[in-house]
file start.txt (compact mmCIF, N, CA and C atoms)
# COMPACT_ATOMS: atom_id res chain seq x y z
N MET A 1 -1.55 23.44 10.30
CA MET A 1 -1.96 22.33 9.45
C MET A 1 -0.80 21.36 9.31
N THR A 2 -1.03 20.12 9.60
CA THR A 2 -0.04 19.08 9.46
C THR A 2 -0.32 18.30 8.18
N TYR A 3 0.73 18.09 7.40
CA TYR A 3 0.58 17.36 6.16
C TYR A 3 1.10 15.94 6.32
N LYS A 4 0.47 15.02 5.66
CA LYS A 4 0.83 13.60 5.71
C LYS A 4 2.08 13.32 4.88
N TYR A 5 2.26 14.09 3.81
CA TYR A 5 3.37 13.89 2.89
C TYR A 5 4.36 15.05 3.00
N LYS A 6 5.61 14.77 2.69
CA LYS A 6 6.64 15.82 2.71
C LYS A 6 6.64 16.54 1.37
N ILE A 7 6.18 17.79 1.38
CA ILE A 7 6.07 18.59 0.16
C ILE A 7 7.18 19.64 0.16
N GLU A 8 7.91 19.71 -0.95
CA GLU A 8 8.96 20.71 -1.10
C GLU A 8 8.79 21.44 -2.42
N ILE A 9 9.06 22.74 -2.39
CA ILE A 9 9.05 23.57 -3.60
C ILE A 9 10.48 23.71 -4.07
N LEU A 10 10.75 23.37 -5.33
CA LEU A 10 12.11 23.47 -5.87
C LEU A 10 12.30 24.72 -6.69
N ASN A 11 11.26 25.14 -7.39
CA ASN A 11 11.34 26.30 -8.26
C ASN A 11 9.98 26.99 -8.21
N THR A 12 10.00 28.28 -8.02
CA THR A 12 8.73 28.98 -7.91
C THR A 12 8.86 30.40 -8.44
N THR A 13 7.75 30.95 -8.81
CA THR A 13 7.69 32.37 -9.13
C THR A 13 7.20 33.08 -7.87
N LYS A 14 7.25 34.40 -7.84
CA LYS A 14 6.89 35.12 -6.62
C LYS A 14 5.45 34.90 -6.20
N ASN A 15 4.51 35.01 -7.09
CA ASN A 15 3.10 34.90 -6.70
C ASN A 15 2.44 33.67 -7.30
N GLN A 16 2.42 33.57 -8.58
CA GLN A 16 1.77 32.45 -9.24
C GLN A 16 2.52 32.13 -10.51
N GLY A 17 2.13 31.07 -11.16
CA GLY A 17 2.78 30.66 -12.39
C GLY A 17 3.31 29.25 -12.27
N PHE A 18 4.40 28.98 -12.96
CA PHE A 18 4.98 27.64 -12.98
C PHE A 18 5.70 27.35 -11.67
N VAL A 19 5.38 26.22 -11.08
CA VAL A 19 5.98 25.78 -9.81
C VAL A 19 6.36 24.32 -9.96
N GLU A 20 7.51 23.94 -9.41
CA GLU A 20 7.87 22.53 -9.42
C GLU A 20 8.44 22.14 -8.07
N GLY A 21 8.35 20.86 -7.77
CA GLY A 21 8.83 20.41 -6.48
C GLY A 21 8.77 18.91 -6.35
N SER A 22 8.78 18.46 -5.10
CA SER A 22 8.70 17.03 -4.81
C SER A 22 7.71 16.80 -3.68
N ILE A 23 7.15 15.61 -3.68
CA ILE A 23 6.27 15.17 -2.60
C ILE A 23 6.67 13.72 -2.33
N ASP A 24 7.21 13.50 -1.14
CA ASP A 24 7.84 12.23 -0.80
C ASP A 24 8.89 11.90 -1.87
N ASP A 25 8.82 10.76 -2.53
CA ASP A 25 9.83 10.43 -3.55
C ASP A 25 9.32 10.64 -4.97
N PHE A 26 8.27 11.44 -5.13
CA PHE A 26 7.73 11.78 -6.45
C PHE A 26 8.11 13.22 -6.80
N SER A 27 8.12 13.52 -8.08
CA SER A 27 8.32 14.89 -8.56
C SER A 27 6.98 15.39 -9.09
N TRP A 28 6.85 16.71 -9.14
CA TRP A 28 5.62 17.31 -9.68
C TRP A 28 5.94 18.69 -10.24
N PHE A 29 5.06 19.13 -11.14
CA PHE A 29 5.06 20.52 -11.57
C PHE A 29 3.62 20.97 -11.72
N ALA A 30 3.42 22.27 -11.57
CA ALA A 30 2.06 22.81 -11.61
C ALA A 30 2.08 24.22 -12.14
N ILE A 31 0.93 24.66 -12.62
CA ILE A 31 0.70 26.06 -12.94
C ILE A 31 -0.41 26.52 -12.02
N VAL A 32 -0.10 27.57 -11.26
CA VAL A 32 -1.04 28.10 -10.28
C VAL A 32 -1.42 29.51 -10.69
N GLN A 33 -2.72 29.77 -10.81
CA GLN A 33 -3.24 31.07 -11.21
C GLN A 33 -3.34 31.99 -9.99
N ALA A 34 -3.38 33.29 -10.24
CA ALA A 34 -3.51 34.27 -9.16
C ALA A 34 -4.90 34.20 -8.54
N ASP A 35 -5.90 33.92 -9.34
CA ASP A 35 -7.28 33.86 -8.87
C ASP A 35 -7.89 32.52 -9.23
N VAL A 36 -8.97 32.20 -8.56
CA VAL A 36 -9.71 30.97 -8.86
C VAL A 36 -10.29 31.08 -10.27
N VAL A 37 -10.16 30.00 -11.05
CA VAL A 37 -10.72 29.95 -12.40
C VAL A 37 -11.62 28.73 -12.52
N GLU A 38 -12.54 28.78 -13.46
CA GLU A 38 -13.54 27.72 -13.59
C GLU A 38 -12.96 26.41 -14.13
N PHE A 39 -11.78 26.44 -14.73
CA PHE A 39 -11.19 25.21 -15.26
C PHE A 39 -10.04 24.70 -14.40
N GLY A 40 -9.91 25.23 -13.19
CA GLY A 40 -8.89 24.77 -12.25
C GLY A 40 -9.37 23.54 -11.49
N ILE A 41 -8.47 22.95 -10.71
CA ILE A 41 -8.82 21.78 -9.90
C ILE A 41 -9.50 22.26 -8.62
N ASN A 42 -10.70 21.79 -8.39
CA ASN A 42 -11.41 22.11 -7.16
C ASN A 42 -10.67 21.40 -6.01
N PRO A 43 -10.15 22.13 -5.02
CA PRO A 43 -9.35 21.50 -3.97
C PRO A 43 -10.16 20.59 -3.05
N ASP A 44 -11.47 20.71 -3.04
CA ASP A 44 -12.29 19.85 -2.18
C ASP A 44 -12.62 18.52 -2.84
N THR A 45 -12.91 18.55 -4.13
CA THR A 45 -13.39 17.34 -4.82
C THR A 45 -12.42 16.78 -5.86
N LEU A 46 -11.40 17.55 -6.22
CA LEU A 46 -10.45 17.23 -7.29
C LEU A 46 -11.11 17.18 -8.67
N SER A 47 -12.32 17.67 -8.77
CA SER A 47 -12.97 17.73 -10.08
C SER A 47 -12.65 19.08 -10.72
N LYS A 48 -12.99 19.21 -11.98
CA LYS A 48 -12.77 20.45 -12.70
C LYS A 48 -13.72 21.51 -12.21
N GLY A 49 -13.17 22.67 -11.86
CA GLY A 49 -14.03 23.77 -11.48
C GLY A 49 -13.61 24.49 -10.22
N ASP A 50 -13.46 25.80 -10.33
CA ASP A 50 -13.20 26.68 -9.19
C ASP A 50 -11.95 26.32 -8.40
N GLY A 51 -10.81 26.45 -9.05
CA GLY A 51 -9.54 26.24 -8.38
C GLY A 51 -8.46 27.10 -8.99
N LYS A 52 -7.33 27.19 -8.32
CA LYS A 52 -6.20 27.97 -8.82
C LYS A 52 -5.21 27.13 -9.61
N VAL A 53 -5.20 25.83 -9.39
CA VAL A 53 -4.25 24.93 -10.06
C VAL A 53 -4.86 24.51 -11.40
N THR A 54 -4.26 24.96 -12.50
CA THR A 54 -4.80 24.65 -13.82
C THR A 54 -3.96 23.61 -14.56
N ARG A 55 -2.80 23.28 -14.03
CA ARG A 55 -1.95 22.26 -14.62
C ARG A 55 -1.23 21.56 -13.48
N LEU A 56 -1.24 20.23 -13.48
CA LEU A 56 -0.56 19.46 -12.45
C LEU A 56 -0.11 18.13 -13.03
N CYS A 57 1.13 17.80 -12.78
CA CYS A 57 1.66 16.51 -13.20
C CYS A 57 2.46 15.92 -12.05
N LEU A 58 2.10 14.73 -11.62
CA LEU A 58 2.81 13.99 -10.58
C LEU A 58 3.49 12.82 -11.26
N TYR A 59 4.81 12.73 -11.12
CA TYR A 59 5.55 11.71 -11.87
C TYR A 59 6.77 11.23 -11.11
N LYS A 60 7.37 10.17 -11.65
CA LYS A 60 8.61 9.63 -11.12
C LYS A 60 9.46 9.20 -12.31
N ASP A 61 10.72 9.65 -12.33
CA ASP A 61 11.64 9.28 -13.40
C ASP A 61 12.49 8.09 -12.96
N ASN A 62 12.64 7.11 -13.84
CA ASN A 62 13.50 5.95 -13.60
C ASN A 62 14.65 5.99 -14.59
N TYR A 63 15.87 5.88 -14.09
CA TYR A 63 17.06 5.94 -14.92
C TYR A 63 17.71 4.57 -14.98
N ASP A 64 18.10 4.16 -16.18
CA ASP A 64 18.81 2.90 -16.38
C ASP A 64 20.00 3.14 -17.28
N VAL A 65 21.15 2.57 -16.90
CA VAL A 65 22.33 2.63 -17.75
C VAL A 65 22.39 1.31 -18.49
N GLU A 66 22.41 1.40 -19.81
CA GLU A 66 22.38 0.20 -20.65
C GLU A 66 23.57 0.20 -21.60
N GLY A 67 23.71 -0.87 -22.31
CA GLY A 67 24.77 -0.96 -23.31
C GLY A 67 26.04 -1.56 -22.74
N ASN A 68 27.08 -1.57 -23.58
CA ASN A 68 28.35 -2.14 -23.12
C ASN A 68 29.11 -1.12 -22.26
N PRO A 69 30.07 -1.56 -21.47
CA PRO A 69 30.76 -0.65 -20.55
C PRO A 69 31.58 0.44 -21.26
N TYR A 70 31.91 0.26 -22.54
CA TYR A 70 32.71 1.24 -23.26
C TYR A 70 31.85 2.29 -23.97
N LEU A 71 30.59 1.96 -24.16
CA LEU A 71 29.68 2.89 -24.81
C LEU A 71 28.29 2.78 -24.16
N PRO A 72 28.20 3.21 -22.90
CA PRO A 72 26.92 3.07 -22.20
C PRO A 72 25.89 4.08 -22.71
N SER A 73 24.66 3.75 -22.53
CA SER A 73 23.59 4.68 -22.88
C SER A 73 22.67 4.83 -21.67
N LEU A 74 22.10 5.99 -21.53
CA LEU A 74 21.22 6.28 -20.42
C LEU A 74 19.78 6.26 -20.91
N SER A 75 18.95 5.50 -20.24
CA SER A 75 17.54 5.41 -20.58
C SER A 75 16.73 6.03 -19.43
N ILE A 76 15.83 6.93 -19.77
CA ILE A 76 14.97 7.56 -18.77
C ILE A 76 13.52 7.23 -19.09
N LYS A 77 12.83 6.69 -18.10
CA LYS A 77 11.40 6.39 -18.25
C LYS A 77 10.65 7.23 -17.24
N ARG A 78 9.68 7.98 -17.71
CA ARG A 78 8.86 8.81 -16.82
C ARG A 78 7.51 8.13 -16.62
N MET A 79 7.25 7.79 -15.37
CA MET A 79 5.97 7.20 -15.00
C MET A 79 5.09 8.32 -14.46
N ILE A 80 3.95 8.54 -15.10
CA ILE A 80 3.04 9.62 -14.70
C ILE A 80 1.89 9.01 -13.91
N TYR A 81 1.66 9.54 -12.71
CA TYR A 81 0.62 9.03 -11.81
C TYR A 81 -0.61 9.94 -11.78
N ALA A 82 -0.41 11.20 -12.12
CA ALA A 82 -1.54 12.13 -12.21
C ALA A 82 -1.18 13.21 -13.22
N ASN A 83 -2.13 13.54 -14.09
CA ASN A 83 -1.90 14.57 -15.09
C ASN A 83 -3.19 15.34 -15.33
N TYR A 84 -3.15 16.64 -15.03
CA TYR A 84 -4.31 17.51 -15.20
C TYR A 84 -3.90 18.71 -16.05
N GLN A 85 -4.63 18.93 -17.11
CA GLN A 85 -4.45 20.12 -17.94
C GLN A 85 -5.84 20.53 -18.40
N HIS A 86 -6.50 21.33 -17.57
CA HIS A 86 -7.89 21.76 -17.76
C HIS A 86 -8.88 20.60 -17.59
N GLU A 87 -8.39 19.38 -17.47
CA GLU A 87 -9.19 18.20 -17.13
C GLU A 87 -8.22 17.06 -16.86
N TRP A 88 -8.67 16.04 -16.16
CA TRP A 88 -7.81 14.91 -15.84
C TRP A 88 -7.65 13.99 -17.05
N SER A 89 -6.41 13.70 -17.41
CA SER A 89 -6.17 12.65 -18.41
C SER A 89 -5.67 11.39 -17.69
N ILE A 90 -5.00 11.57 -16.54
CA ILE A 90 -4.54 10.45 -15.72
C ILE A 90 -4.75 10.84 -14.27
N LEU A 91 -5.36 9.96 -13.50
CA LEU A 91 -5.45 10.13 -12.05
C LEU A 91 -5.48 8.74 -11.44
N ASN A 92 -4.30 8.24 -11.08
CA ASN A 92 -4.17 6.93 -10.47
C ASN A 92 -4.80 7.01 -9.07
N HIS A 93 -5.80 6.21 -8.84
CA HIS A 93 -6.56 6.30 -7.60
C HIS A 93 -5.74 5.92 -6.37
N LYS A 94 -4.65 5.18 -6.54
CA LYS A 94 -3.78 4.85 -5.41
C LYS A 94 -3.10 6.11 -4.87
N TYR A 95 -2.98 7.15 -5.69
CA TYR A 95 -2.28 8.37 -5.30
C TYR A 95 -3.24 9.56 -5.18
N ARG A 96 -4.52 9.29 -5.15
CA ARG A 96 -5.52 10.36 -5.06
C ARG A 96 -5.35 11.19 -3.78
N ASP A 97 -5.06 10.54 -2.66
CA ASP A 97 -4.86 11.23 -1.40
C ASP A 97 -3.66 12.16 -1.47
N MET A 98 -2.60 11.70 -2.10
CA MET A 98 -1.38 12.51 -2.27
C MET A 98 -1.68 13.73 -3.15
N VAL A 99 -2.39 13.52 -4.25
CA VAL A 99 -2.74 14.61 -5.16
C VAL A 99 -3.64 15.62 -4.44
N HIS A 100 -4.59 15.13 -3.67
CA HIS A 100 -5.49 16.02 -2.93
C HIS A 100 -4.70 16.90 -1.97
N GLU A 101 -3.76 16.31 -1.25
CA GLU A 101 -2.95 17.10 -0.31
C GLU A 101 -2.08 18.12 -1.04
N LEU A 102 -1.53 17.75 -2.18
CA LEU A 102 -0.70 18.67 -2.96
C LEU A 102 -1.52 19.84 -3.49
N VAL A 103 -2.70 19.58 -4.02
CA VAL A 103 -3.57 20.65 -4.53
C VAL A 103 -3.98 21.58 -3.38
N THR A 104 -4.33 21.02 -2.24
CA THR A 104 -4.69 21.82 -1.07
C THR A 104 -3.52 22.69 -0.63
N TYR A 105 -2.33 22.12 -0.61
CA TYR A 105 -1.12 22.86 -0.23
C TYR A 105 -0.88 24.03 -1.18
N LEU A 106 -0.98 23.78 -2.49
CA LEU A 106 -0.75 24.84 -3.47
C LEU A 106 -1.81 25.94 -3.37
N GLU A 107 -3.05 25.55 -3.17
CA GLU A 107 -4.12 26.53 -3.01
C GLU A 107 -3.84 27.43 -1.81
N ARG A 108 -3.45 26.84 -0.70
CA ARG A 108 -3.19 27.61 0.51
C ARG A 108 -1.94 28.48 0.37
N ARG A 109 -0.89 27.90 -0.18
CA ARG A 109 0.37 28.64 -0.30
C ARG A 109 0.20 29.88 -1.18
N TYR A 110 -0.53 29.76 -2.26
CA TYR A 110 -0.66 30.88 -3.18
C TYR A 110 -1.90 31.74 -2.90
N SER A 111 -2.53 31.53 -1.75
CA SER A 111 -3.60 32.40 -1.31
C SER A 111 -3.13 33.36 -0.23
N MET A 112 -1.94 33.11 0.28
CA MET A 112 -1.41 33.96 1.35
C MET A 112 -0.91 35.28 0.79
N HIS A 113 -1.21 36.35 1.50
CA HIS A 113 -0.73 37.67 1.13
C HIS A 113 -0.10 38.31 2.36
N VAL A 114 1.04 38.93 2.19
CA VAL A 114 1.70 39.61 3.29
C VAL A 114 1.17 41.03 3.38
N LEU A 115 0.67 41.40 4.54
CA LEU A 115 0.14 42.72 4.76
C LEU A 115 1.21 43.58 5.43
N ARG A 116 1.28 44.84 5.02
CA ARG A 116 2.28 45.76 5.61
C ARG A 116 1.60 46.82 6.41

call {"tool": "encode", "arguments": {"input": "start.txt", "output": "structure tokens"}}
result
Amino acid sequence: MTYKYKIEILNTTKNQGFVEGSIDDFSWFAIVQADVVEFGINPDTLSKGDGKVTRLCLYKDNYDVEGNPYLPSLSIKRMIYANYQHEWSILNHKYRDMVHELVTYLERRYSMHVLR
């Protein structure tokens, strides 16, 4: 399977749970269940229902240094492009393709089992 976007995992648990990473120049975090649940993201339609991903946030942080040079302050603004927690609160349609690929990737990655 070839992916259109560069997906990297930065922090993961062994099987399921909290996962964070990057996709192209965006950051993301997710909660992936061991089994499919009815309130997860459906990997085919991105609607609620029958998926392993129950929490997903796609975001980008912007950093600005403000103030005078002797007492600078750091300002961080988090722009959220997709946010799912048992249902979508934000889903920017410009990034729907990226979110779909990320959900598909997570579903596949956490469905693999090593047989001995």

call {"tool": "closest_residue", "arguments": {"input": "start.txt", "among": "A:Gly21, A:Pro72, A:Gly67, A:Gly40", "to": "Lys52 in chain A", "atoms": "all atoms listed in the file"}}
result
A:Gly40

call {"tool": "residues_around", "arguments": {"input": "start.txt", "residues": "Ala34 in chain A", "least_positions_apart": "3", "cutoff": "10 Å", "atoms": "only C-alpha atoms", "output": "VMD selection string"}}
result
chain A and resid 15 to 17 31 37 52 to 53 107 110 to 111

call {"tool": "closest_residue", "arguments": {"input": "start.txt", "among": "A:Glu66, A:Asp44, A:Asp25, A:Asp35", "to": "His100 in chain A", "atoms": "only C-alpha atoms"}}
result
A:Asp44

call {"tool": "residues_around", "arguments": {"input": "start.txt", "residues": "Asn11 in chain A", "least_positions_apart": "4", "cutoff": "7 Å", "atoms": "all atoms listed in the file", "output": "list in words"}}
result
Phe18, Val19, Glu20 and Gly21 of chain A

call {"tool": "atom_distance", "arguments": {"input": "start.txt", "atom1": "CA of Ile9 in chain A", "atom2": "CA of Leu102 in chain A"}}
result
10.9 Å

call {"tool": "closest_residue", "arguments": {"input": "start.txt", "among": "A:Ile80, A:Ile7, A:Val103, A:Ile23", "to": "Leu58 in chain A", "atoms": "all atoms listed in the file"}}
result
A:Ile80

call {"tool": "atom_distance", "arguments": {"input": "start.txt", "atom1": "atom N of Lys60 in chain A", "atom2": "atom N of Tyr5 in chain A"}}
result
16.7 Å

call {"tool": "atom_distance", "arguments": {"input": "start.txt", "atom1": "CA of Ser27 in chain A", "atom2": "CA of Leu74 in chain A"}}
result
19.5 Å

call {"tool": "closest_residue", "arguments": {"input": "start.txt", "among": "A:Arg109, A:His86, A:Lys94, A:Arg78", "to": "Ser47 in chain A", "atoms": "only N, CA and C atoms"}}
result
A:His86

call {"tool": "decode", "arguments": {"input": "start.txt", "residues": "range 100-111 of chain A", "atoms": "all heavy atoms", "output": "CSV table (one decimal), in the first residue's frame"}}
result
chain,number,residue,atom,x,y,z
A,100,HIS,N,-8.7,10.9,6.2
A,100,HIS,CA,-9.1,9.5,5.7
A,100,HIS,C,-7.9,8.6,5.6
A,100,HIS,O,-7.9,7.4,6.1
A,100,HIS,CB,-9.8,9.6,4.4
A,100,HIS,CG,-10.3,8.3,3.9
A,100,HIS,ND1,-9.6,7.5,3.1
A,100,HIS,CD2,-11.5,7.6,4.2
A,100,HIS,CE1,-10.3,6.4,2.8
A,100,HIS,NE2,-11.4,6.4,3.5
A,101,GLU,N,-6.8,9.1,5.1
A,101,GLU,CA,-5.6,8.3,5.0
A,101,GLU,C,-5.0,7.9,6.3
A,101,GLU,O,-4.5,6.8,6.6
A,101,GLU,CB,-4.5,9.0,4.1
A,101,GLU,CG,-3.4,8.1,3.8
A,101,GLU,CD,-2.5,8.6,2.7
A,101,GLU,OE1,-3.0,8.8,1.5
A,101,GLU,OE2,-1.3,8.8,2.9
A,102,LEU,N,-5.0,8.9,7.2
A,102,LEU,CA,-4.5,8.7,8.6
A,102,LEU,C,-5.3,7.6,9.3
A,102,LEU,O,-4.8,6.7,10.0
A,102,LEU,CB,-4.5,10.0,9.4
A,102,LEU,CG,-3.9,9.9,10.8
A,102,LEU,CD1,-2.5,9.3,10.8
A,102,LEU,CD2,-4.0,11.3,11.4
A,103,VAL,N,-6.6,7.7,9.3
A,103,VAL,CA,-7.5,6.8,9.9
A,103,VAL,C,-7.3,5.4,9.3
A,103,VAL,O,-7.2,4.4,10.1
A,103,VAL,CB,-9.0,7.2,9.8
A,103,VAL,CG1,-9.9,6.1,10.3
A,103,VAL,CG2,-9.3,8.4,10.6
A,104,THR,N,-7.2,5.3,8.0
A,104,THR,CA,-7.0,4.0,7.4
A,104,THR,C,-5.6,3.4,7.8
A,104,THR,O,-5.5,2.2,8.1
A,104,THR,CB,-7.0,4.2,5.8
A,104,THR,OG1,-8.2,4.7,5.4
A,104,THR,CG2,-6.7,2.8,5.1
A,105,TYR,N,-4.6,4.2,7.9
A,105,TYR,CA,-3.3,3.8,8.3
A,105,TYR,C,-3.3,3.3,9.8
A,105,TYR,O,-2.8,2.2,10.1
A,105,TYR,CB,-2.3,5.0,8.3
A,105,TYR,CG,-0.9,4.7,8.8
A,105,TYR,CD1,0.0,4.1,8.1
A,105,TYR,CD2,-0.6,5.1,10.1
A,105,TYR,CE1,1.3,3.8,8.6
A,105,TYR,CE2,0.6,4.8,10.7
A,105,TYR,CZ,1.6,4.2,9.9
A,105,TYR,OH,2.8,3.9,10.4
A,106,LEU,N,-4.0,4.0,10.7
A,106,LEU,CA,-4.1,3.5,12.1
A,106,LEU,C,-4.9,2.3,12.2
A,106,LEU,O,-4.5,1.4,13.0
A,106,LEU,CB,-4.7,4.7,12.9
A,106,LEU,CG,-3.8,5.9,13.1
A,106,LEU,CD1,-4.6,7.0,13.8
A,106,LEU,CD2,-2.6,5.6,13.9
A,107,GLU,N,-6.0,2.1,11.4
A,107,GLU,CA,-6.8,0.9,11.4
A,107,GLU,C,-5.9,-0.3,11.0
A,107,GLU,O,-5.9,-1.3,11.6
A,107,GLU,CB,-8.0,1.0,10.5
A,107,GLU,CG,-9.1,1.9,11.1
A,107,GLU,CD,-10.1,1.1,11.9
A,107,GLU,OE1,-10.1,-0.2,11.8
A,107,GLU,OE2,-10.8,1.7,12.7
A,108,ARG,N,-5.1,-0.1,10.0
A,108,ARG,CA,-4.3,-1.2,9.4
A,108,ARG,C,-3.2,-1.5,10.4
A,108,ARG,O,-2.9,-2.7,10.6
A,108,ARG,CB,-3.8,-0.9,8.1
A,108,ARG,CG,-4.8,-0.9,7.0
A,108,ARG,CD,-4.3,-0.6,5.7
A,108,ARG,NE,-5.3,-0.7,4.7
A,108,ARG,CZ,-5.3,-0.1,3.5
A,108,ARG,NH1,-4.3,0.6,3.1
A,108,ARG,NH2,-6.3,-0.3,2.7
A,109,ARG,N,-2.5,-0.5,10.9
A,109,ARG,CA,-1.3,-0.7,11.8
A,109,ARG,C,-1.7,-1.5,13.0
A,109,ARG,O,-1.0,-2.3,13.5
A,109,ARG,CB,-0.7,0.6,12.1
A,109,ARG,CG,0.5,0.5,13.0
A,109,ARG,CD,1.1,1.9,13.4
A,109,ARG,NE,2.1,1.7,14.4
A,109,ARG,CZ,3.4,1.7,14.1
A,109,ARG,NH1,3.8,1.9,12.9
A,109,ARG,NH2,4.3,1.6,15.1
A,110,TYR,N,-2.9,-1.1,13.6
A,110,TYR,CA,-3.2,-1.7,14.9
A,110,TYR,C,-4.2,-3.0,14.7
A,110,TYR,O,-4.7,-3.5,15.6
A,110,TYR,CB,-3.8,-0.7,15.8
A,110,TYR,CG,-2.8,0.2,16.2
A,110,TYR,CD1,-2.6,1.5,15.6
A,110,TYR,CD2,-1.9,-0.1,17.2
A,110,TYR,CE1,-1.5,2.3,16.0
A,110,TYR,CE2,-0.8,0.7,17.6
A,110,TYR,CZ,-0.7,1.9,17.0
A,110,TYR,OH,0.4,2.7,17.3
A,111,SER,N,-4.3,-3.4,13.4
A,111,SER,CA,-4.9,-4.7,13.2
A,111,SER,C,-4.0,-5.8,12.9
A,111,SER,O,-4.3,-7.0,12.9
A,111,SER,CB,-5.9,-4.6,11.9
A,111,SER,OG,-6.9,-3.7,12.2
